[in-house]
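Here's target07.tsv, which has TSV, C-alpha atoms:
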```
chain	number	residue	atom	x	y	z
A	1	MET	CA	25.95	-12.52	-3.42
A	2	THR	CA	25.73	-15.88	-1.70
A	3	ALA	CA	26.98	-18.86	-3.75
A	4	PRO	CA	24.29	-21.45	-4.65
A	5	ASP	CA	25.87	-24.17	-2.51
A	6	GLU	CA	26.10	-21.81	0.42
A	7	THR	CA	22.43	-20.84	0.03
A	8	LEU	CA	21.46	-24.51	0.08
A	9	GLU	CA	23.61	-25.17	3.14
A	10	GLN	CA	22.10	-22.22	4.99
A	11	ILE	CA	18.56	-23.45	4.24
A	12	LEU	CA	19.39	-26.95	5.47
A	13	ASN	CA	20.90	-25.58	8.67
A	14	LEU	CA	17.97	-23.23	9.28
A	15	ALA	CA	15.42	-26.01	8.74
A	16	ALA	CA	17.31	-28.48	10.95
A	17	ASN	CA	17.70	-25.93	13.70
A	18	HIS	CA	14.14	-24.64	13.68
A	19	PHE	CA	12.31	-27.93	13.25
A	20	LYS	CA	14.74	-29.74	15.56
A	21	VAL	CA	15.78	-32.39	13.06
A	22	PRO	CA	19.40	-33.62	13.03
A	23	ARG	CA	21.18	-31.80	10.21
A	24	GLU	CA	22.63	-35.07	8.87
A	25	LYS	CA	19.09	-36.37	8.23
A	26	LEU	CA	18.37	-33.59	5.75
A	27	THR	CA	19.49	-34.01	2.16
A	28	PRO	CA	19.03	-31.52	-0.71
A	29	ASP	CA	16.70	-33.60	-2.89
A	30	GLU	CA	14.36	-35.11	-0.33
A	31	ASP	CA	10.74	-34.01	0.15
A	32	PHE	CA	11.05	-31.61	3.06
A	33	PHE	CA	7.37	-31.88	3.98
A	34	LYS	CA	8.02	-35.55	4.78
A	35	THR	CA	11.51	-35.21	6.23
A	36	LEU	CA	10.56	-32.32	8.49
A	37	GLY	CA	7.03	-33.65	9.10
A	38	ILE	CA	5.49	-30.23	8.47
A	39	ASP	CA	2.07	-29.11	7.29
A	40	SER	CA	1.00	-26.09	5.27
A	41	LEU	CA	0.99	-23.70	8.24
A	42	GLN	CA	4.50	-24.76	9.24
A	43	ALA	CA	5.58	-24.36	5.61
A	44	LEU	CA	4.43	-20.75	5.81
A	45	ASP	CA	6.49	-20.37	8.96
A	46	LEU	CA	9.53	-21.71	7.08
A	47	LEU	CA	8.82	-19.29	4.22
A	48	THR	CA	8.83	-16.34	6.61
A	49	ARG	CA	12.05	-17.50	8.28
A	50	LEU	CA	13.73	-17.83	4.88
A	51	GLU	CA	12.58	-14.33	3.89
A	52	HIS	CA	14.05	-12.90	7.07
A	53	HIS	CA	17.27	-14.90	6.82
A	54	PHE	CA	18.04	-14.06	3.19
A	55	ARG	CA	16.32	-10.64	3.26
A	56	VAL	CA	14.28	-11.47	0.16
A	57	GLU	CA	10.61	-11.65	-0.77
A	58	LEU	CA	9.34	-15.10	-1.68
A	59	PRO	CA	5.85	-14.97	-3.20
A	60	ASP	CA	3.91	-18.11	-2.30
A	61	TYR	CA	3.17	-18.94	-5.93
A	62	GLU	CA	6.89	-19.17	-6.73
A	63	LEU	CA	7.12	-21.98	-4.22
A	64	GLN	CA	4.06	-23.81	-5.53
A	65	GLY	CA	4.99	-27.44	-6.00
A	66	VAL	CA	8.44	-26.95	-4.49
A	67	SER	CA	9.11	-29.64	-1.94
A	68	ASP	CA	12.87	-30.22	-2.00
A	69	PHE	CA	15.60	-28.04	-0.57
A	70	ARG	CA	17.64	-27.81	-3.78
A	71	THR	CA	14.77	-26.31	-5.81
A	72	LEU	CA	13.95	-24.02	-2.89
A	73	ALA	CA	17.57	-22.84	-2.84
A	74	ASN	CA	17.49	-22.20	-6.58
A	75	ARG	CA	14.33	-20.07	-6.24
A	76	ILE	CA	15.88	-18.06	-3.42
A	77	GLN	CA	19.14	-17.70	-5.37
A	78	THR	CA	17.30	-15.86	-8.17
A	79	ARG	CA	16.33	-13.17	-5.67
A	80	LEU	CA	19.70	-12.62	-4.02
B	1	MET	CA	-19.82	-8.66	31.99
B	2	GLU	CA	-16.19	-7.97	32.92
B	3	SER	CA	-15.01	-11.42	31.95
B	4	PHE	CA	-16.24	-14.27	29.81
B	5	ARG	CA	-14.82	-17.64	28.85
B	6	GLY	CA	-16.40	-19.11	25.73
B	7	GLN	CA	-15.54	-21.97	23.42
B	8	ALA	CA	-13.97	-19.80	20.73
B	9	LEU	CA	-12.94	-16.66	22.61
B	10	SER	CA	-12.66	-15.04	26.00
B	11	TRP	CA	-12.47	-11.54	27.32
B	12	THR	CA	-11.33	-9.83	30.49
B	13	LEU	CA	-11.29	-6.24	31.68
B	14	LYS	CA	-8.32	-5.29	33.82
B	15	ASN	CA	-6.65	-1.97	34.56
B	16	GLY	CA	-8.67	-0.17	31.92
B	17	VAL	CA	-7.78	-2.61	29.15
B	18	VAL	CA	-10.14	-5.14	27.60
B	19	GLU	CA	-8.35	-8.19	26.26
B	20	LEU	CA	-10.17	-10.34	23.71
B	21	ALA	CA	-8.40	-13.70	23.34
B	22	LEU	CA	-9.17	-16.03	20.43
B	23	HIS	CA	-8.76	-19.74	21.18
B	24	ARG	CA	-10.59	-21.94	18.74
B	25	GLU	CA	-8.68	-24.92	17.26
B	26	PRO	CA	-6.86	-25.04	14.91
B	27	CYS	CA	-6.32	-21.36	14.08
B	28	ASN	CA	-9.43	-19.41	15.13
B	29	GLU	CA	-11.42	-20.04	11.97
B	30	ILE	CA	-14.49	-17.79	12.10
B	31	GLY	CA	-17.66	-19.86	11.80
B	32	SER	CA	-21.05	-19.62	13.48
B	33	LEU	CA	-19.68	-20.45	16.95
B	34	THR	CA	-17.08	-17.68	16.86
B	35	LEU	CA	-19.60	-15.28	15.36
B	36	ASP	CA	-22.11	-15.99	18.16
B	37	GLU	CA	-19.45	-15.23	20.76
B	38	LEU	CA	-18.19	-12.15	18.92
B	39	GLU	CA	-21.77	-10.85	18.97
B	40	GLN	CA	-21.88	-11.40	22.72
B	41	PHE	CA	-18.62	-9.49	23.01
B	42	VAL	CA	-19.77	-6.44	21.04
B	43	ALA	CA	-23.07	-6.44	22.96
B	44	ASN	CA	-20.91	-5.78	26.03
B	45	LEU	CA	-18.56	-3.30	24.36
B	46	ASP	CA	-20.55	-0.19	25.27
B	47	SER	CA	-20.46	-1.15	28.92
B	48	PHE	CA	-16.64	-1.06	28.84
B	49	ASN	CA	-16.46	2.54	27.66
B	50	ASN	CA	-16.61	4.08	31.12
B	51	GLN	CA	-14.14	1.61	32.60
B	52	ALA	CA	-11.63	1.08	29.81
B	53	HIS	CA	-9.52	3.03	27.35
B	54	ALA	CA	-8.13	0.25	25.18
B	55	LEU	CA	-8.99	-3.10	23.62
B	56	ILE	CA	-6.38	-5.69	22.65
B	57	ILE	CA	-7.32	-8.57	20.34
B	58	TYR	CA	-4.89	-11.50	20.28
B	59	SER	CA	-4.73	-15.24	19.71
B	60	GLU	CA	-3.81	-18.02	22.09
B	61	MET	CA	-3.38	-20.46	19.22
B	62	LYS	CA	0.15	-21.33	18.16
B	63	PRO	CA	-0.26	-21.27	14.34
B	64	GLY	CA	-1.42	-17.68	14.28
B	65	PHE	CA	-3.82	-14.84	14.90
B	66	CYS	CA	-6.67	-16.16	12.74
B	67	ALA	CA	-6.87	-18.19	9.53
B	68	GLY	CA	-10.09	-16.44	8.44
B	69	ALA	CA	-13.58	-17.70	7.72
B	70	ASP	CA	-14.40	-21.32	8.49
B	71	LEU	CA	-14.39	-22.51	4.89
B	72	ARG	CA	-15.45	-26.04	5.78
B	73	GLU	CA	-18.58	-24.77	7.50
B	74	LEU	CA	-19.24	-22.37	4.63
B	75	PHE	CA	-18.88	-25.14	2.05
B	76	TYR	CA	-20.92	-27.83	3.81
B	77	ARG	CA	-23.72	-25.43	4.77
B	78	SER	CA	-23.96	-24.18	1.21
B	79	GLN	CA	-24.21	-27.80	0.00
B	80	GLU	CA	-27.18	-28.46	2.27
B	81	SER	CA	-29.51	-26.01	0.56
B	82	ALA	CA	-30.61	-24.75	-2.85
B	83	PRO	CA	-28.39	-22.02	-4.37
B	84	ARG	CA	-30.83	-19.20	-3.62
B	85	GLU	CA	-31.16	-20.24	0.03
B	86	ALA	CA	-27.41	-20.77	0.29
B	87	VAL	CA	-26.63	-17.25	-0.87
B	88	ALA	CA	-29.31	-15.83	1.45
B	89	GLY	CA	-27.57	-17.65	4.31
B	90	VAL	CA	-24.20	-16.26	3.26
B	91	ARG	CA	-25.61	-12.73	3.09
B	92	ALA	CA	-27.14	-13.04	6.55
B	93	TYR	CA	-23.82	-14.32	7.93
B	94	LEU	CA	-21.87	-11.49	6.27
B	95	GLU	CA	-24.27	-8.87	7.57
B	96	ARG	CA	-23.84	-10.23	11.09
B	97	ILE	CA	-20.04	-10.24	10.93
B	98	HIS	CA	-20.04	-6.75	9.39
B	99	ARG	CA	-22.14	-5.46	12.30
B	100	VAL	CA	-19.61	-6.94	14.72
B	101	LEU	CA	-16.57	-5.57	12.90
B	102	ASN	CA	-18.15	-2.14	12.30
B	103	THR	CA	-18.89	-1.90	16.02
B	104	ILE	CA	-15.28	-2.67	16.95
B	105	ASP	CA	-14.05	-0.30	14.22
B	106	ALA	CA	-16.19	2.55	15.62
B	107	SER	CA	-15.54	1.77	19.29
B	108	PRO	CA	-14.36	4.75	21.37
B	109	LEU	CA	-11.71	2.46	22.83
B	110	THR	CA	-8.30	2.56	21.19
B	111	THR	CA	-7.99	-0.89	19.63
B	112	ILE	CA	-4.86	-2.96	19.07
B	113	ALA	CA	-4.46	-6.20	17.14
B	114	ALA	CA	-1.51	-8.17	18.55
B	115	THR	CA	-0.74	-10.60	15.75
B	116	HIS	CA	1.51	-13.58	15.12
B	117	GLY	CA	1.70	-16.30	12.48
B	118	VAL	CA	-1.17	-16.88	10.08
B	119	THR	CA	-3.33	-13.76	9.70
B	120	PHE	CA	-5.32	-14.67	6.62
B	121	GLY	CA	-8.59	-13.60	5.05
B	122	GLY	CA	-11.14	-12.87	7.79
B	123	GLY	CA	-8.30	-12.87	10.33
B	124	PHE	CA	-6.56	-10.10	8.42
B	125	GLU	CA	-9.91	-8.29	8.25
B	126	LEU	CA	-10.30	-8.57	12.03
B	127	ALA	CA	-6.86	-6.99	12.46
B	128	LEU	CA	-7.79	-4.26	9.98
B	129	VAL	CA	-10.65	-2.98	12.14
B	130	CYS	CA	-8.15	-2.18	14.89
B	131	ASP	CA	-6.49	1.21	15.25
B	132	LEU	CA	-3.01	-0.30	15.58
B	133	ILE	CA	-1.47	-3.57	14.46
B	134	ILE	CA	1.44	-4.78	16.55
B	135	ALA	CA	2.92	-7.74	14.72
B	136	ASP	CA	5.25	-10.47	15.86
B	137	LYS	CA	7.89	-10.69	13.11
B	138	MET	CA	6.55	-14.14	12.11
B	139	THR	CA	3.11	-12.74	11.22
B	140	ARG	CA	2.01	-13.48	7.68
B	141	PHE	CA	-0.85	-11.51	6.14
B	142	CYS	CA	-2.82	-12.69	3.13
B	143	PHE	CA	-6.07	-12.30	1.23
B	144	PRO	CA	-6.37	-15.70	-0.49
B	145	GLU	CA	-10.02	-15.23	-1.50
B	146	LEU	CA	-9.43	-14.87	-5.24
B	147	ARG	CA	-8.00	-18.39	-5.18
B	148	LEU	CA	-11.53	-19.49	-4.25
B	149	GLY	CA	-13.28	-17.34	-6.84
B	150	LEU	CA	-14.30	-14.79	-4.20
B	151	ILE	CA	-13.29	-11.42	-2.83
B	152	PRO	CA	-12.69	-10.78	0.88
B	153	GLY	CA	-16.10	-10.55	2.55
B	154	PHE	CA	-15.48	-9.19	6.06
B	155	GLY	CA	-14.70	-5.62	5.00
B	156	GLY	CA	-11.14	-6.19	3.86
B	157	ILE	CA	-11.00	-4.18	0.68
B	158	PRO	CA	-12.71	-0.98	1.93
B	159	ARG	CA	-10.57	-0.99	5.07
B	160	LEU	CA	-7.34	-1.66	3.15
B	161	LYS	CA	-8.26	1.19	0.80
B	162	ARG	CA	-8.76	3.39	3.85
B	163	ASP	CA	-5.28	2.64	5.14
B	164	LEU	CA	-3.03	1.88	2.16
B	165	GLY	CA	-2.15	2.97	-1.34
B	166	ASN	CA	-4.18	1.34	-4.08
B	167	ALA	CA	-1.16	-0.42	-5.64
B	168	VAL	CA	-0.48	-2.36	-2.42
B	169	VAL	CA	-4.17	-3.25	-2.15
B	170	ARG	CA	-4.15	-4.56	-5.72
B	171	ASP	CA	-1.00	-6.61	-5.06
B	172	LEU	CA	-2.51	-8.24	-1.97
B	173	LEU	CA	-5.87	-8.84	-3.57
B	174	LEU	CA	-5.04	-9.76	-7.17
B	175	THR	CA	-2.00	-11.97	-6.54
B	176	GLY	CA	-3.36	-13.59	-3.37
B	177	ARG	CA	0.23	-13.82	-2.13
B	178	SER	CA	1.08	-13.49	1.52
B	179	PHE	CA	3.12	-10.59	2.92
B	180	ASN	CA	5.35	-10.72	5.96
B	181	ALA	CA	5.12	-8.09	8.69
B	182	THR	CA	8.16	-6.18	7.46
B	183	LYS	CA	6.58	-5.70	4.05
B	184	LEU	CA	3.37	-4.40	5.59
B	185	GLN	CA	5.20	-2.11	7.96
B	186	GLN	CA	7.01	-0.62	4.97
B	187	ALA	CA	3.62	-0.20	3.29
B	188	GLY	CA	2.37	1.69	6.35
B	189	LEU	CA	-0.11	-0.79	7.82
B	190	VAL	CA	1.80	-2.40	10.68
B	191	SER	CA	2.53	-0.09	13.59
B	192	GLN	CA	5.29	-2.06	15.32
B	193	ILE	CA	7.19	-5.26	14.57
B	194	VAL	CA	8.32	-7.18	17.62
B	195	GLY	CA	10.18	-10.41	18.34
B	196	GLU	CA	8.55	-13.82	18.29
B	197	GLY	CA	6.01	-14.22	21.08
B	198	GLU	CA	6.25	-10.54	22.10
B	199	SER	CA	3.22	-8.97	20.41
B	200	LEU	CA	0.85	-9.25	23.38
B	201	ARG	CA	3.44	-7.90	25.83
B	202	VAL	CA	4.15	-4.90	23.59
B	203	ALA	CA	0.42	-4.37	22.98
B	204	ARG	CA	-0.12	-4.25	26.76
B	205	ALA	CA	2.72	-1.74	27.15
B	206	THR	CA	1.25	0.37	24.36
B	207	ALA	CA	-2.23	0.19	25.92
B	208	ALA	CA	-0.76	1.35	29.25
B	209	GLN	CA	0.75	4.36	27.50
B	210	LEU	CA	-2.59	5.19	25.83
B	211	GLY	CA	-4.22	5.24	29.25
B	212	LYS	CA	-2.24	8.37	30.15
B	213	PHE	CA	-4.11	10.50	27.63
B	214	ASP	CA	-7.36	12.37	28.14
B	215	ARG	CA	-10.12	10.03	26.98
B	216	ARG	CA	-12.35	12.64	25.42
B	217	THR	CA	-9.44	13.88	23.29
B	218	ALA	CA	-8.44	10.37	22.24
B	219	VAL	CA	-12.01	9.56	21.23
B	220	ALA	CA	-12.34	12.80	19.25
B	221	ALA	CA	-9.02	12.16	17.49
B	222	LYS	CA	-10.02	8.64	16.51
B	223	LYS	CA	-13.40	9.73	15.22
B	224	PHE	CA	-11.75	12.49	13.17
B	225	ILE	CA	-9.02	10.34	11.62
B	226	LYS	CA	-10.80	7.02	11.07
B	227	PRO	CA	-13.91	7.23	8.91
B	228	ILE	CA	-15.83	4.01	8.40
B	229	PRO	CA	-16.57	3.32	4.72
B	230	TYR	CA	-20.13	2.05	5.24
B	231	GLU	CA	-21.23	2.36	1.60
B	232	GLU	CA	-18.27	0.39	0.29
B	233	LEU	CA	-18.70	-2.20	3.02
B	234	GLN	CA	-22.28	-2.79	1.92
B	235	ARG	CA	-21.17	-2.93	-1.72
B	236	GLU	CA	-18.60	-5.56	-0.77
B	237	ILE	CA	-21.36	-7.80	0.64
B	238	ASP	CA	-23.33	-7.41	-2.60
B	239	ILE	CA	-20.33	-8.31	-4.79
B	240	PHE	CA	-19.44	-11.26	-2.56
B	241	CYS	CA	-22.97	-12.64	-2.82
B	242	ASP	CA	-23.06	-12.13	-6.59
B	243	LEU	CA	-19.82	-14.07	-6.90
B	244	PHE	CA	-20.83	-16.79	-4.44
B	245	VAL	CA	-23.30	-18.34	-6.91
B	246	GLN	CA	-20.62	-18.73	-9.60
B	247	PRO	CA	-19.49	-22.33	-10.29
B	248	ALA	CA	-15.84	-21.36	-9.67
B	249	VAL	CA	-16.61	-20.84	-5.99
B	250	GLU	CA	-17.97	-24.32	-5.42
B	251	VAL	CA	-14.99	-25.76	-7.29
B	252	GLY	CA	-12.53	-23.67	-5.27
B	253	LEU	CA	-14.15	-24.42	-1.91
B	254	ARG	CA	-14.47	-28.13	-2.67
B	255	ARG	CA	-10.81	-28.31	-3.71
B	256	PHE	CA	-9.76	-26.63	-0.48
B	257	VAL	CA	-12.03	-28.67	1.80
B	258	GLU	CA	-11.18	-32.02	0.22
B	259	SER	CA	-7.48	-31.32	-0.31
B	260	GLU	CA	-4.95	-33.57	1.36
B	261	ASP	CA	-2.15	-31.54	-0.18
B	262	ALA	CA	0.45	-30.17	2.20
B	263	GLN	CA	-0.14	-26.75	0.67
B	264	PRO	CA	-3.94	-26.48	0.31
B	265	TYR	CA	-3.73	-22.70	0.36
B	266	LEU	CA	-1.99	-22.80	-3.03
B	267	PRO	CA	-4.40	-23.66	-5.88
```

Please express the file's structure as structure tokens.
Amino acid sequence: MTAPDETLEQILNLAANHFKVPREKLTPDEDFFKTLGIDSLQALDLLTRLEHHFRVELPDYELQGVSDFRTLANRIQTRL
Amino acid sequence: MESFRGQALSWTLKNGVVELALHREPCNEIGSLTLDELEQFVANLDSFNNQAHALIIYSEMKPGFCAGADLRELFYRSQESAPREAVAGVRAYLERIHRVLNTIDASPLTTIAATHGVTFGGGFELALVCDLIIADKMTRFCFPELRLGLIPGFGGIPRLKRDLGNAVVRDLLLTGRSFNATKLQQAGLVSQIVGEGESLRVARATAAQLGKFDRRTAVAAKKFIKPIPYEELQREIDIFCDLFVQPAVEVGLRRFVESEDAQPYLP
């Protein structure tokens, strides 16, 4: 099982890499819609990438209202 | 007409394969423009039968295959008229799109949906009429209609029931959650999962393989294995129209259309 901090770090790296944002600009508690400059369709893309990366299922409704990386990591952690 | 370039879609016939490309901004929402051009396409479909063996449907738009019905057009049109006229307009629209999709479903051509990204609602239903779904691994399938107080209206439920176990259909329909391609391959719906940006290439390779078979046999096999659930499709239109007059639908559509939320697909 991946440790919570490691899960968070992997999400930050994946988001920085895919959306071409410098990793150092991403922090765990920021609103990732604003930091990454993404819309709802790109958020779905991120959801699919996270499912593939962590080999988990992430129902959309579990991510409702989630907009920071730390909460996202916690939701993923419950499925690992 | 062996090729056509419209505002919402285009088609070409080459080497026995018809390719129908969707290219309406932002993600091929199906409104009256797309429907008009789809009707033109199916009016030509019979003429392809002697020259082609396969049809590939794909999207040129980056976000995905198709985001479904044009909900903005549906909402604003329904606001322009009295409820009874609005529902009559919806019924007429559904009957037109059902004729289009039933024609593709029953086509003697072997049909392939080459999907990527957002494949939601009516977009998912367009893929479901095809004989094979070849999905880029980033494809995301969803029936979000219950979030709007509706059921899928382009034949989704009868065609899902044709292809999948009832428990999977209930999960997709009643939760409104989206499934990735891996999940739907495990469920038995997706034929092949391919890398990002590869679905059209693999669909073309698959279509080339299909061209090696005797056409009469392929047509007979398809007709034998793929019944079209006409009665349930008609019942779906009736249920959709019954639901369309409910207040929850106007509330749901208005919330979606007027939303500035980053996640408008989540109620």

Residues of chain B within 12 Å of chain A, counting all atoms listed in the file, what are they? List them as an mmCIF file with C-alpha atoms, in the coordinates of the input.
```cif
data_model
loop_
_atom_site.group_PDB
_atom_site.id
_atom_site.type_symbol
_atom_site.label_atom_id
_atom_site.label_comp_id
_atom_site.auth_asym_id
_atom_site.auth_seq_id
_atom_site.Cartn_x
_atom_site.Cartn_y
_atom_site.Cartn_z
ATOM 1 C CA PRO B 26 -6.860 -25.040 14.910
ATOM 2 C CA CYS B 27 -6.320 -21.360 14.080
ATOM 3 C CA LYS B 62 0.150 -21.330 18.160
ATOM 4 C CA PRO B 63 -0.260 -21.270 14.340
ATOM 5 C CA GLY B 64 -1.420 -17.680 14.280
ATOM 6 C CA CYS B 66 -6.670 -16.160 12.740
ATOM 7 C CA ALA B 67 -6.870 -18.190 9.530
ATOM 8 C CA HIS B 116 1.510 -13.580 15.120
ATOM 9 C CA GLY B 117 1.700 -16.300 12.480
ATOM 10 C CA VAL B 118 -1.170 -16.880 10.080
ATOM 11 C CA THR B 119 -3.330 -13.760 9.700
ATOM 12 C CA PHE B 120 -5.320 -14.670 6.620
ATOM 13 C CA ASP B 136 5.250 -10.470 15.860
ATOM 14 C CA LYS B 137 7.890 -10.690 13.110
ATOM 15 C CA MET B 138 6.550 -14.140 12.110
ATOM 16 C CA THR B 139 3.110 -12.740 11.220
ATOM 17 C CA ARG B 140 2.010 -13.480 7.680
ATOM 18 C CA PHE B 141 -0.850 -11.510 6.140
ATOM 19 C CA CYS B 142 -2.820 -12.690 3.130
ATOM 20 C CA PRO B 144 -6.370 -15.700 -0.490
ATOM 21 C CA ARG B 147 -8.000 -18.390 -5.180
ATOM 22 C CA ASP B 171 -1.000 -6.610 -5.060
ATOM 23 C CA LEU B 172 -2.510 -8.240 -1.970
ATOM 24 C CA THR B 175 -2.000 -11.970 -6.540
ATOM 25 C CA GLY B 176 -3.360 -13.590 -3.370
ATOM 26 C CA ARG B 177 0.230 -13.820 -2.130
ATOM 27 C CA SER B 178 1.080 -13.490 1.520
ATOM 28 C CA PHE B 179 3.120 -10.590 2.920
ATOM 29 C CA ASN B 180 5.350 -10.720 5.960
ATOM 30 C CA ALA B 181 5.120 -8.090 8.690
ATOM 31 C CA THR B 182 8.160 -6.180 7.460
ATOM 32 C CA LYS B 183 6.580 -5.700 4.050
ATOM 33 C CA GLU B 196 8.550 -13.820 18.290
ATOM 34 C CA SER B 259 -7.480 -31.320 -0.310
ATOM 35 C CA GLU B 260 -4.950 -33.570 1.360
ATOM 36 C CA ASP B 261 -2.150 -31.540 -0.180
ATOM 37 C CA ALA B 262 0.450 -30.170 2.200
ATOM 38 C CA GLN B 263 -0.140 -26.750 0.670
ATOM 39 C CA PRO B 264 -3.940 -26.480 0.310
ATOM 40 C CA TYR B 265 -3.730 -22.700 0.360
ATOM 41 C CA LEU B 266 -1.990 -22.800 -3.030
ATOM 42 C CA PRO B 267 -4.400 -23.660 -5.880
#
```

Nearest candidate to Gly211 (chain B) (options B:Asn166, B:Asn15, B:Asn50, B:Ser81; using all atoms listed in the file) |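 Of B:Asn166, B:Asn15, B:Asn50, B:Ser81, the one nearest Gly211 (chain B) is B:Asn15, counting all atoms listed in the file.
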
Compile the contact shell of Ala205 (chain B) as a PyMOL selection string: residues with an atom at most 12 Å away, counting only C-alpha atoms, same-chain residues fewer than 4 positions apart removed.
-> chain B and resi 15+17+54+56+112+114+134+198-201+209-212

Find the residues around Arg235 (chain B) up to 10 Å (all atoms listed in the file counted), leave out those fewer than 6 positions away in its own chain, and share them as number ranges by chain.
-> B: 155, 158, 241

Keeping only C-alpha atoms, write those residues as an mmCIF file, in the coordinates of the input.
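Once everything was written out, this is part-v7.cif:
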```
data_model
loop_
_atom_site.group_PDB
_atom_site.id
_atom_site.type_symbol
_atom_site.label_atom_id
_atom_site.label_comp_id
_atom_site.auth_asym_id
_atom_site.auth_seq_id
_atom_site.Cartn_x
_atom_site.Cartn_y
_atom_site.Cartn_z
ATOM 1 C CA GLY B 155 -14.700 -5.620 5.000
ATOM 2 C CA PRO B 158 -12.710 -0.980 1.930
ATOM 3 C CA CYS B 241 -22.970 -12.640 -2.820
#
```

Please, what distance in Å, to one decimal, runs between CA of Val257 (chain B) and CA of Ile30 (chain B)?
-> 15.2 Å

Counting all atoms listed in the file, what is within 10 Å of Asn74 (chain A), bar same-chain residues fewer than 4 positions away, as a VMD selection string?
-> chain A and resid 4 to 5 7 to 8 69 to 70 78 to 79

Reconstruct N, CA and C atoms of region 196-209 of chain B; output as a PDB file, in the frame of the given file.
```pdb
ATOM      1  N   GLU B 196       9.512 -12.713  18.213  1.00  0.00           N
ATOM      2  CA  GLU B 196       8.550 -13.820  18.290  1.00  0.00           C
ATOM      3  C   GLU B 196       7.984 -13.944  19.702  1.00  0.00           C
ATOM      4  N   GLY B 197       6.668 -14.028  19.793  1.00  0.00           N
ATOM      5  CA  GLY B 197       6.010 -14.220  21.080  1.00  0.00           C
ATOM      6  C   GLY B 197       5.882 -12.947  21.908  1.00  0.00           C
ATOM      7  N   GLU B 198       6.216 -11.791  21.327  1.00  0.00           N
ATOM      8  CA  GLU B 198       6.250 -10.540  22.100  1.00  0.00           C
ATOM      9  C   GLU B 198       5.086  -9.602  21.787  1.00  0.00           C
ATOM     10  N   SER B 199       4.211  -9.963  20.849  1.00  0.00           N
ATOM     11  CA  SER B 199       3.220  -8.970  20.410  1.00  0.00           C
ATOM     12  C   SER B 199       2.226  -8.604  21.512  1.00  0.00           C
ATOM     13  N   LEU B 200       1.809  -9.566  22.319  1.00  0.00           N
ATOM     14  CA  LEU B 200       0.850  -9.250  23.380  1.00  0.00           C
ATOM     15  C   LEU B 200       1.509  -8.381  24.460  1.00  0.00           C
ATOM     16  N   ARG B 201       2.745  -8.710  24.812  1.00  0.00           N
ATOM     17  CA  ARG B 201       3.440  -7.900  25.830  1.00  0.00           C
ATOM     18  C   ARG B 201       3.569  -6.453  25.364  1.00  0.00           C
ATOM     19  N   VAL B 202       3.971  -6.268  24.110  1.00  0.00           N
ATOM     20  CA  VAL B 202       4.150  -4.900  23.590  1.00  0.00           C
ATOM     21  C   VAL B 202       2.789  -4.203  23.447  1.00  0.00           C
ATOM     22  N   ALA B 203       1.762  -4.967  23.069  1.00  0.00           N
ATOM     23  CA  ALA B 203       0.420  -4.370  22.980  1.00  0.00           C
ATOM     24  C   ALA B 203      -0.029  -3.886  24.357  1.00  0.00           C
ATOM     25  N   ARG B 204       0.258  -4.671  25.392  1.00  0.00           N
ATOM     26  CA  ARG B 204      -0.120  -4.250  26.760  1.00  0.00           C
ATOM     27  C   ARG B 204       0.655  -2.989  27.168  1.00  0.00           C
ATOM     28  N   ALA B 205       1.928  -2.929  26.819  1.00  0.00           N
ATOM     29  CA  ALA B 205       2.720  -1.740  27.150  1.00  0.00           C
ATOM     30  C   ALA B 205       2.182  -0.519  26.412  1.00  0.00           C
ATOM     31  N   THR B 206       1.808  -0.729  25.161  1.00  0.00           N
ATOM     32  CA  THR B 206       1.250   0.370  24.360  1.00  0.00           C
ATOM     33  C   THR B 206      -0.092   0.816  24.948  1.00  0.00           C
ATOM     34  N   ALA B 207      -0.922  -0.150  25.329  1.00  0.00           N
ATOM     35  CA  ALA B 207      -2.230   0.190  25.920  1.00  0.00           C
ATOM     36  C   ALA B 207      -2.042   0.968  27.223  1.00  0.00           C
ATOM     37  N   ALA B 208      -1.022   0.613  28.002  1.00  0.00           N
ATOM     38  CA  ALA B 208      -0.760   1.350  29.250  1.00  0.00           C
ATOM     39  C   ALA B 208      -0.402   2.802  28.952  1.00  0.00           C
ATOM     40  N   GLN B 209       0.375   3.005  27.904  1.00  0.00           N
ATOM     41  CA  GLN B 209       0.750   4.360  27.500  1.00  0.00           C
ATOM     42  C   GLN B 209      -0.488   5.163  27.076  1.00  0.00           C
TER      43      GLN B 209
END
```
